[in-house]
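Shown next: structure34.tsv, containing TSV, C-alpha atoms.
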chain	number	residue	atom	x	y	z
A	66	ARG	CA	127.02	70.05	106.74
A	67	MET	CA	128.94	71.35	103.71
A	68	HIS	CA	132.44	70.01	103.46
A	69	PRO	CA	135.12	72.65	102.79
A	70	ASP	CA	136.33	70.61	99.83
A	71	ASP	CA	132.97	71.21	98.19
A	72	TRP	CA	132.98	74.96	98.64
A	73	VAL	CA	132.91	77.08	95.49
A	74	SER	CA	136.17	79.01	95.25
A	75	GLY	CA	136.84	78.08	98.88
A	76	ASP	CA	134.00	80.35	100.05
A	77	MET	CA	131.12	78.89	102.08
A	78	LYS	CA	128.89	81.95	101.51
A	79	GLU	CA	129.33	81.84	97.76
A	80	THR	CA	128.68	78.09	97.83
A	81	THR	CA	125.44	78.71	99.73
A	82	LYS	CA	124.29	81.23	97.12
A	83	VAL	CA	124.96	78.81	94.27
A	84	PHE	CA	123.25	75.92	96.08
A	85	ALA	CA	120.20	78.08	96.94
A	86	GLN	CA	119.93	79.24	93.32
A	87	GLU	CA	120.04	75.68	91.95
A	88	LEU	CA	117.62	74.45	94.60
A	89	GLY	CA	115.15	77.22	93.87
A	90	ASP	CA	115.32	76.53	90.14
A	91	ARG	CA	114.70	72.80	90.65
A	92	TRP	CA	111.82	73.30	93.04
A	93	GLY	CA	110.28	76.05	90.91
A	94	ILE	CA	109.83	78.43	93.82
A	95	GLY	CA	107.52	81.33	93.08
A	96	ASP	CA	104.86	81.85	90.43
A	97	PRO	CA	105.89	80.72	86.92
A	98	GLY	CA	107.26	83.60	84.87
A	99	CYS	CA	106.86	86.11	87.72
A	100	SER	CA	110.33	85.88	89.33
A	101	ASN	CA	108.79	86.42	92.77
A	102	GLY	CA	110.22	83.44	94.69
A	103	VAL	CA	111.92	83.64	98.10
A	104	LEU	CA	114.04	80.77	99.50
A	105	LEU	CA	115.23	80.56	103.11
A	106	PHE	CA	118.33	78.34	103.41
A	107	LEU	CA	119.51	77.28	106.87
A	108	SER	CA	122.53	75.04	107.59
A	109	ILE	CA	122.45	74.32	111.30
A	110	GLN	CA	125.78	72.56	111.57
A	111	ASP	CA	127.50	75.22	109.46
A	112	ARG	CA	125.81	77.89	111.58
A	113	PHE	CA	124.89	79.74	108.42
A	114	ALA	CA	121.60	81.15	107.09
A	115	TYR	CA	120.85	82.77	103.73
A	116	ILE	CA	117.75	84.19	102.00
A	117	LYS	CA	117.66	83.92	98.21
A	118	THR	CA	115.27	86.25	96.38
A	119	ALA	CA	114.22	86.37	92.74
A	120	VAL	CA	114.44	89.53	90.64
A	121	VAL	CA	110.95	90.86	91.40
A	122	SER	CA	110.78	89.83	95.04
A	123	GLN	CA	114.18	91.45	95.65
A	124	THR	CA	112.66	94.87	94.96
A	125	VAL	CA	110.66	94.37	98.17
A	126	MET	CA	112.75	91.87	100.08
A	127	THR	CA	116.03	93.75	99.80
A	128	ASP	CA	119.41	92.41	100.95
A	129	SER	CA	119.30	94.68	103.99
A	130	LEU	CA	115.91	93.34	105.04
A	131	SER	CA	117.09	89.77	104.43
A	132	GLU	CA	120.05	90.33	106.73
A	133	MET	CA	117.70	91.84	109.30
A	134	VAL	CA	115.50	88.73	109.26
A	135	ILE	CA	118.57	86.53	109.70
A	136	ASP	CA	119.87	88.71	112.56
A	137	ASN	CA	116.52	88.29	114.31
A	138	LEU	CA	116.97	84.47	114.07
A	139	LYS	CA	120.30	84.32	115.83
A	140	PRO	CA	119.05	84.40	119.44
A	141	LEU	CA	116.67	81.49	118.73
A	142	LEU	CA	119.32	79.54	116.82
A	143	LYS	CA	121.82	79.99	119.63
A	144	GLY	CA	119.23	78.62	122.03
A	145	GLY	CA	118.61	75.58	119.83
A	146	GLN	CA	115.04	76.65	119.03
A	147	TYR	CA	115.30	75.83	115.34
A	148	ASP	CA	111.59	75.30	114.72
A	149	ASP	CA	110.73	78.64	116.31
A	150	ALA	CA	113.54	80.29	114.34
A	151	LEU	CA	112.22	78.98	111.02
A	152	LEU	CA	108.66	79.96	111.88
A	153	GLN	CA	109.74	83.45	112.89
A	154	ALA	CA	111.77	83.84	109.68
A	155	VAL	CA	108.83	82.77	107.50
A	156	LEU	CA	106.46	85.14	109.30
A	157	GLN	CA	108.86	88.09	109.02
A	158	ILE	CA	109.49	87.38	105.33
A	159	ASN	CA	105.72	87.35	104.81
A	160	ASP	CA	105.41	90.69	106.65
A	161	VAL	CA	108.10	92.26	104.50
A	162	LEU	CA	106.42	91.10	101.30
A	163	LYS	CA	103.16	92.64	102.54
A	164	GLY	CA	104.88	95.94	103.26
A	165	LYS	CA	104.80	95.60	107.04
A	166	SER	CA	107.64	96.40	109.40
A	167	ILE	CA	109.73	93.84	111.26
A	168	PRO	CA	111.85	94.18	114.40
A	169	GLY	CA	115.20	95.83	113.81
A	170	LEU	CA	117.01	99.12	114.38
A	171	LYS	CA	116.69	100.20	110.77
A	172	THR	CA	113.21	98.87	110.16
A	173	THR	CA	111.47	102.26	110.28
A	174	TRP	CA	113.85	103.91	107.84
A	175	PHE	CA	113.75	101.01	105.42
A	176	SER	CA	109.98	100.84	105.61
A	177	MET	CA	109.69	104.53	104.86
A	178	PHE	CA	112.11	104.30	101.96
A	179	ARG	CA	110.43	101.20	100.59
A	180	GLY	CA	107.04	102.88	100.92
A	181	LEU	CA	108.24	105.92	98.99
A	182	ILE	CA	109.70	103.74	96.25
A	183	ARG	CA	106.44	101.84	95.92
A	184	LEU	CA	104.49	105.09	95.70
A	185	ILE	CA	106.46	106.39	92.72
A	186	PRO	CA	104.51	104.46	90.03
A	187	PHE	CA	101.23	105.42	91.69
A	188	VAL	CA	102.20	109.10	91.83
A	189	VAL	CA	103.34	109.04	88.20
A	190	ALA	CA	100.10	107.38	87.10
A	191	ILE	CA	98.04	109.90	89.06
A	192	GLY	CA	100.03	112.75	87.52
A	193	VAL	CA	99.60	111.44	83.96
A	194	TYR	CA	95.85	110.91	84.24
A	195	LEU	CA	94.89	113.77	86.56
A	196	LEU	CA	97.18	116.53	85.26
A	197	PRO	CA	94.92	117.38	82.27
A	198	ILE	CA	91.89	117.35	84.56
A	199	LEU	CA	93.62	119.57	87.11
A	200	ALA	CA	94.70	121.92	84.33
A	201	MET	CA	91.11	122.18	83.09
A	202	ILE	CA	89.87	122.86	86.62
A	203	VAL	CA	92.47	125.59	87.13
A	204	VAL	CA	91.59	127.19	83.80
A	205	PHE	CA	87.87	127.03	84.65
A	206	VAL	CA	88.42	128.61	88.08
A	207	LEU	CA	90.67	131.34	86.69
A	208	ARG	CA	88.19	132.06	83.94
A	209	GLY	CA	85.36	132.28	86.45
A	210	VAL	CA	87.35	134.67	88.62
A	211	LEU	CA	89.01	136.80	85.95
A	212	THR	CA	86.05	137.18	83.58
A	213	PRO	CA	83.97	139.32	86.00
A	214	VAL	CA	87.07	141.34	86.82
A	215	ALA	CA	87.69	141.96	83.12
A	216	TRP	CA	84.06	142.98	82.61
A	217	LEU	CA	84.27	145.36	85.57
A	218	LEU	CA	87.50	146.93	84.32
A	219	ASP	CA	86.04	147.32	80.84
A	220	TYR	CA	82.90	148.94	82.27
A	221	VAL	CA	84.90	151.34	84.45
A	222	THR	CA	87.21	152.22	81.55
A	223	ASN	CA	84.29	152.94	79.22
A	224	LEU	CA	82.52	154.94	81.92
A	225	TRP	CA	85.61	157.00	82.60
A	226	GLY	CA	86.17	157.51	78.88
A	227	ARG	CA	82.64	158.82	78.41
A	228	ARG	CA	82.96	161.03	81.46
A	229	ARG	CA	86.30	162.38	80.24
A	230	ALA	CA	84.80	163.11	76.83
A	231	GLU	CA	81.90	164.97	78.47
A	232	LEU	CA	84.29	167.02	80.59
A	233	ASP	CA	86.44	167.83	77.56
A	234	LEU	CA	83.35	168.90	75.62
A	235	GLN	CA	82.18	171.12	78.49
A	236	TRP	CA	85.65	172.58	78.72
A	237	VAL	CA	85.75	173.36	75.00
A	238	GLN	CA	82.28	174.87	75.12
A	239	THR	CA	83.30	177.05	78.07
A	240	GLU	CA	86.41	178.11	76.21
A	241	LEU	CA	84.37	179.06	73.14
A	242	GLU	CA	82.24	181.34	75.31
A	243	ARG	CA	85.31	183.27	76.44
A	244	SER	CA	86.87	186.16	74.65
A	245	GLU	CA	89.23	184.91	71.98
A	246	PHE	CA	92.08	186.69	73.75
A	247	ASP	CA	91.18	185.36	77.22
A	248	GLN	CA	92.36	181.82	76.57
A	249	THR	CA	92.85	179.15	79.23
A	250	MET	CA	93.87	176.39	76.84
A	251	CYS	CA	96.04	176.02	73.77
A	252	PRO	CA	93.92	176.07	70.57
A	253	ILE	CA	96.22	173.46	68.98
A	254	CYS	CA	96.51	170.70	71.62
A	255	LEU	CA	93.40	171.71	73.61
A	256	GLU	CA	95.35	171.36	76.85
A	257	GLN	CA	95.14	173.96	79.59
A	258	PHE	CA	98.02	176.30	80.12
A	259	ALA	CA	100.07	175.05	83.05
A	260	THR	CA	100.52	178.43	84.78
A	261	SER	CA	98.78	181.77	84.85
A	262	GLY	CA	99.97	184.61	82.66
A	263	HIS	CA	102.14	183.85	79.64
A	264	ALA	CA	104.86	181.67	81.20
A	265	GLY	CA	105.61	178.70	78.97
A	266	CYS	CA	103.50	180.13	76.18
A	267	THR	CA	103.99	182.10	72.97
A	268	VAL	CA	101.76	185.15	72.40
A	269	LEU	CA	101.67	186.22	68.77
A	270	GLY	CA	101.24	189.76	67.57
A	271	CYS	CA	97.52	189.14	67.15
A	272	ARG	CA	97.33	188.35	70.91
A	273	HIS	CA	96.50	184.67	70.37
A	274	LYS	CA	98.36	182.43	72.81
A	275	PHE	CA	99.82	178.94	72.25
A	276	HIS	CA	102.13	176.49	73.91
A	277	HIS	CA	105.71	176.90	72.76
A	278	ALA	CA	105.91	173.28	71.57
A	279	CYS	CA	102.63	173.62	69.67
A	280	ILE	CA	103.24	176.90	67.83
A	281	ASP	CA	107.00	176.70	67.20
A	282	PRO	CA	106.77	174.26	64.23
A	283	TRP	CA	104.10	176.51	62.65
A	284	VAL	CA	106.06	179.73	63.14
A	285	ASN	CA	109.17	178.16	61.67
A	286	GLN	CA	107.33	177.68	58.36
A	287	HIS	CA	104.69	180.45	58.36
A	288	THR	CA	104.48	184.17	59.10
A	289	ASN	CA	100.81	184.29	60.11
A	290	CYS	CA	98.65	183.10	63.02
A	291	PRO	CA	97.02	179.67	62.51
A	292	LEU	CA	93.75	181.00	63.95
A	293	CYS	CA	93.18	184.46	62.49
A	294	ARG	CA	95.85	184.46	59.76
A	295	ALA	CA	97.14	187.79	61.04
A	296	ASP	CA	100.74	188.62	60.25
A	297	VAL	CA	102.89	187.58	63.19
A	298	GLU	CA	105.42	190.23	62.17
A	299	GLY	CA	103.10	192.88	63.61
A	300	PRO	CA	103.30	194.36	67.13
A	301	ILE	CA	103.64	191.82	69.89
A	302	ALA	CA	102.81	191.74	73.53
A	303	PRO	CA	105.48	193.05	75.95
A	304	GLU	CA	105.75	189.63	77.51
A	305	ASP	CA	107.00	188.23	74.19
A	306	GLU	CA	109.65	190.83	73.54
A	307	ALA	CA	112.30	188.53	74.97
A	308	ARG	CA	111.36	185.77	72.48
A	309	PRO	CA	113.56	185.22	69.40
A	310	GLN	CA	112.74	187.38	66.35
A	311	LYS	CA	111.44	184.42	64.35
A	312	TYR	CA	108.53	184.02	66.81
A	313	GLN	CA	107.46	187.68	66.65

Target encoding structure tokens, full file:
Amino acid sequence: RMHPDDWVSGDMKETTKVFAQELGDRWGIGDPGCSNGVLLFLSIQDRFAYIKTAVVSQTVMTDSLSEMVIDNLKPLLKGGQYDDALLQAVLQINDVLKGKSIPGLKTTWFSMFRGLIRLIPFVVAIGVYLLPILAMIVVFVLRGVLTPVAWLLDYVTNLWGRRRAELDLQWVQTELERSEFDQTMCPICLEQFATSGHAGCTVLGCRHKFHHACIDPWVNQHTNCPLCRADVEGPIAPEDEARPQKYQ
């Protein structure tokens, strides 16, 4: 039994901690240099129990788990079953160090939390070593999927381009076979006239027809037709009489 006169700062709990620390150091509990010792201190007459853990072992055997082990001893200690209490404490401490659960209301939550904490280094190591491999796999899969798609798109684009060129050529050939005054497309941009008749178009005095946007810059600087070189100041079609004088 610890005499109150011997207590450190008048506190029995603090005295127990100091005594357990000195006792553990003298006995050399734990592996040398590993700081993994665990000391169970039990003072029967003082009705006090304490578990001292080293730095490394405390990461597993936390203060909350130590208190849980001690709480599980109390029924046996109250019944005078000291041997059974010590045996149970040693077995539960061993279970905690092995990552197993022990009886207690908070055991499940603490076990889950402790398990997650212990998984962090493993997850980090897996991420560091496997991330480049996973990245290579993703790139390989994407390349295998996207390369055929790119080839297909390129093939379709080239096919459509050739087909469009053939259609344009046929269109131009058909236009050349028409009368020069029976135009269906603008000779400058080679685009079809949007509507029938002369709407949206300029008909020069020589009867050649153009889009307004195509012929206007030419007419602003010249007085002849870009096709036949006829003077645009000559007679014009009735449909163009409403056009400004500079276009006639």

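Minimum distance to A:Ala154 across A:Leu130, A:Ala85, A:Val268, A:Val284 (counting all atoms listed in the file) occurs at A:Leu130.
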
Using Å and a single decimal, report how far atom CA of A:Phe106 sits from atom CA of A:Ala150.
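We find that atom CA of A:Ala150 and atom CA of A:Phe106 lie 12.1 Å from each other.
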
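With atom CA of A:Arg183 on one side and atom CA of A:Asp136 on the other, the separation reads 25.1 Å.
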
Exercise for review: Find the spatial neighbours of A:Leu104, counting only C-alpha atoms, within a cut-off of 12 Å - ignore same-chain residues fewer than 4 positions away - and output them as a PyMOL selection string.
Suggested key: chain A and resi 81-82+84-95+100+114-119+122-123+126+131+151+154-155+158-159

Expected residue set, 8 Å radius at (107.8, 92.5, 97.8), all atoms listed in the file, as a short mmCIF file (atom, residue, chain, number, x, y, z; two decimals) with C-alpha atoms, in the coordinates of the input:
data_model
loop_
_atom_site.label_atom_id
_atom_site.label_comp_id
_atom_site.auth_asym_id
_atom_site.auth_seq_id
_atom_site.Cartn_x
_atom_site.Cartn_y
_atom_site.Cartn_z
CA ASN A 101 108.79 86.42 92.77
CA VAL A 121 110.95 90.86 91.40
CA SER A 122 110.78 89.83 95.04
CA GLN A 123 114.18 91.45 95.65
CA THR A 124 112.66 94.87 94.96
CA VAL A 125 110.66 94.37 98.17
CA MET A 126 112.75 91.87 100.08
CA VAL A 161 108.10 92.26 104.50
CA LEU A 162 106.42 91.10 101.30
CA LYS A 163 103.16 92.64 102.54
CA GLY A 164 104.88 95.94 103.26
#

Next item on the list: Determine, counting all atoms listed in the file, which protein, DNA and RNA residues have an atom within 12 Å of an atom of stretch 245-256 of chain A; residues of the same chain fewer than 4 positions away are not included. Present the result as a PyMOL selection string.
Entry: chain A and resi 233-234+236-241+260-263+265-283+290-293+302

- request: Could you check how far atom CA of A:Val134 sits from atom CA of A:Phe187, in Å to one decimal?
  value: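 Separating atom CA of A:Val134 from atom CA of A:Phe187 is a distance of 28.1 Å.
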
Calculate, to one decimal in Å, the centre and edge lengths of the box along x, y and z of the file that holds all listed atoms of stretch 140-159 of chain A with 5 Å of margin on each side, and present them as JSON.
{"center_x": 113.8, "center_y": 81.7, "center_z": 113.4, "size_x": 26.1, "size_y": 22.8, "size_z": 27.2}

So that I can see what lies close to A:Tyr147, please list as a short mmCIF file (atom, residue, chain, number, x, y, z; two decimals) with C-alpha atoms, keeping the file's coordinate frame the residues with an atom at most 12 Å from it, counting all atoms listed in the file and leaving out residues fewer than 6 positions away in the same chain.
data_model
loop_
_atom_site.label_atom_id
_atom_site.label_comp_id
_atom_site.auth_asym_id
_atom_site.auth_seq_id
_atom_site.Cartn_x
_atom_site.Cartn_y
_atom_site.Cartn_z
CA LEU A 107 119.51 77.28 106.87
CA SER A 108 122.53 75.04 107.59
CA ILE A 109 122.45 74.32 111.30
CA GLN A 110 125.78 72.56 111.57
CA ARG A 112 125.81 77.89 111.58
CA ALA A 114 121.60 81.15 107.09
CA LEU A 138 116.97 84.47 114.07
CA LYS A 139 120.30 84.32 115.83
CA PRO A 140 119.05 84.40 119.44
CA LEU A 141 116.67 81.49 118.73
CA GLN A 153 109.74 83.45 112.89
CA ALA A 154 111.77 83.84 109.68
#

Can you give me N, CA and C atoms for stretch 193-226 of chain A, written as a short mmCIF file (atom, residue, chain, number, x, y, z; two decimals), in the coordinates of the input?
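Wrote it out as out.cif, contents follow:
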data_model
loop_
_atom_site.label_atom_id
_atom_site.label_comp_id
_atom_site.auth_asym_id
_atom_site.auth_seq_id
_atom_site.Cartn_x
_atom_site.Cartn_y
_atom_site.Cartn_z
N VAL A 193 99.88 111.56 85.40
CA VAL A 193 99.60 111.44 83.96
C VAL A 193 98.11 111.56 83.68
N TYR A 194 97.29 110.92 84.50
CA TYR A 194 95.85 110.91 84.24
C TYR A 194 95.12 112.13 84.80
N LEU A 195 95.61 112.66 85.92
CA LEU A 195 94.89 113.77 86.56
C LEU A 195 95.41 115.14 86.16
N LEU A 196 96.63 115.21 85.62
CA LEU A 196 97.18 116.53 85.26
C LEU A 196 96.30 117.28 84.27
N PRO A 197 95.83 116.64 83.17
CA PRO A 197 94.92 117.38 82.27
C PRO A 197 93.64 117.83 82.96
N ILE A 198 93.12 116.98 83.84
CA ILE A 198 91.89 117.35 84.56
C ILE A 198 92.15 118.53 85.49
N LEU A 199 93.27 118.47 86.21
CA LEU A 199 93.62 119.57 87.11
C LEU A 199 93.83 120.86 86.33
N ALA A 200 94.47 120.73 85.16
CA ALA A 200 94.70 121.92 84.33
C ALA A 200 93.38 122.53 83.89
N MET A 201 92.42 121.68 83.51
CA MET A 201 91.11 122.18 83.09
C MET A 201 90.39 122.86 84.25
N ILE A 202 90.52 122.26 85.45
CA ILE A 202 89.87 122.86 86.62
C ILE A 202 90.47 124.22 86.93
N VAL A 203 91.81 124.31 86.86
CA VAL A 203 92.47 125.59 87.13
C VAL A 203 92.04 126.64 86.11
N VAL A 204 92.01 126.25 84.83
CA VAL A 204 91.59 127.19 83.80
C VAL A 204 90.15 127.64 84.04
N PHE A 205 89.27 126.69 84.40
CA PHE A 205 87.87 127.03 84.65
C PHE A 205 87.74 128.00 85.82
N VAL A 206 88.49 127.73 86.90
CA VAL A 206 88.42 128.61 88.08
C VAL A 206 88.95 130.00 87.74
N LEU A 207 90.10 130.05 87.05
CA LEU A 207 90.67 131.34 86.69
C LEU A 207 89.73 132.11 85.77
N ARG A 208 89.12 131.39 84.85
CA ARG A 208 88.19 132.06 83.94
C ARG A 208 86.99 132.61 84.71
N GLY A 209 86.49 131.81 85.66
CA GLY A 209 85.36 132.28 86.45
C GLY A 209 85.69 133.47 87.31
N VAL A 210 86.94 133.55 87.77
CA VAL A 210 87.35 134.67 88.62
C VAL A 210 87.72 135.90 87.79
N LEU A 211 88.48 135.68 86.71
CA LEU A 211 89.01 136.80 85.95
C LEU A 211 87.99 137.42 85.00
N THR A 212 87.03 136.63 84.52
CA THR A 212 86.05 137.18 83.58
C THR A 212 85.25 138.33 84.19
N PRO A 213 84.67 138.16 85.41
CA PRO A 213 83.97 139.32 86.00
C PRO A 213 84.88 140.51 86.23
N VAL A 214 86.13 140.24 86.61
CA VAL A 214 87.07 141.34 86.82
C VAL A 214 87.32 142.09 85.51
N ALA A 215 87.48 141.33 84.42
CA ALA A 215 87.69 141.96 83.12
C ALA A 215 86.48 142.79 82.69
N TRP A 216 85.28 142.22 82.93
CA TRP A 216 84.06 142.98 82.61
C TRP A 216 83.98 144.27 83.42
N LEU A 217 84.32 144.18 84.71
CA LEU A 217 84.27 145.36 85.57
C LEU A 217 85.27 146.42 85.11
N LEU A 218 86.49 145.98 84.79
CA LEU A 218 87.50 146.93 84.32
C LEU A 218 87.07 147.58 83.01
N ASP A 219 86.49 146.78 82.11
CA ASP A 219 86.04 147.32 80.84
C ASP A 219 84.91 148.35 81.06
N TYR A 220 84.00 148.03 81.99
CA TYR A 220 82.90 148.94 82.27
C TYR A 220 83.43 150.26 82.85
N VAL A 221 84.35 150.14 83.83
CA VAL A 221 84.90 151.34 84.45
C VAL A 221 85.67 152.17 83.43
N THR A 222 86.44 151.49 82.57
CA THR A 222 87.21 152.22 81.55
C THR A 222 86.29 152.96 80.58
N ASN A 223 85.23 152.29 80.13
CA ASN A 223 84.29 152.94 79.22
C ASN A 223 83.57 154.10 79.91
N LEU A 224 83.20 153.89 81.17
CA LEU A 224 82.52 154.94 81.92
C LEU A 224 83.41 156.16 82.09
N TRP A 225 84.67 155.89 82.43
CA TRP A 225 85.61 157.00 82.60
C TRP A 225 85.89 157.70 81.27
N GLY A 226 85.95 156.90 80.19
CA GLY A 226 86.17 157.51 78.88
C GLY A 226 85.03 158.43 78.48
#
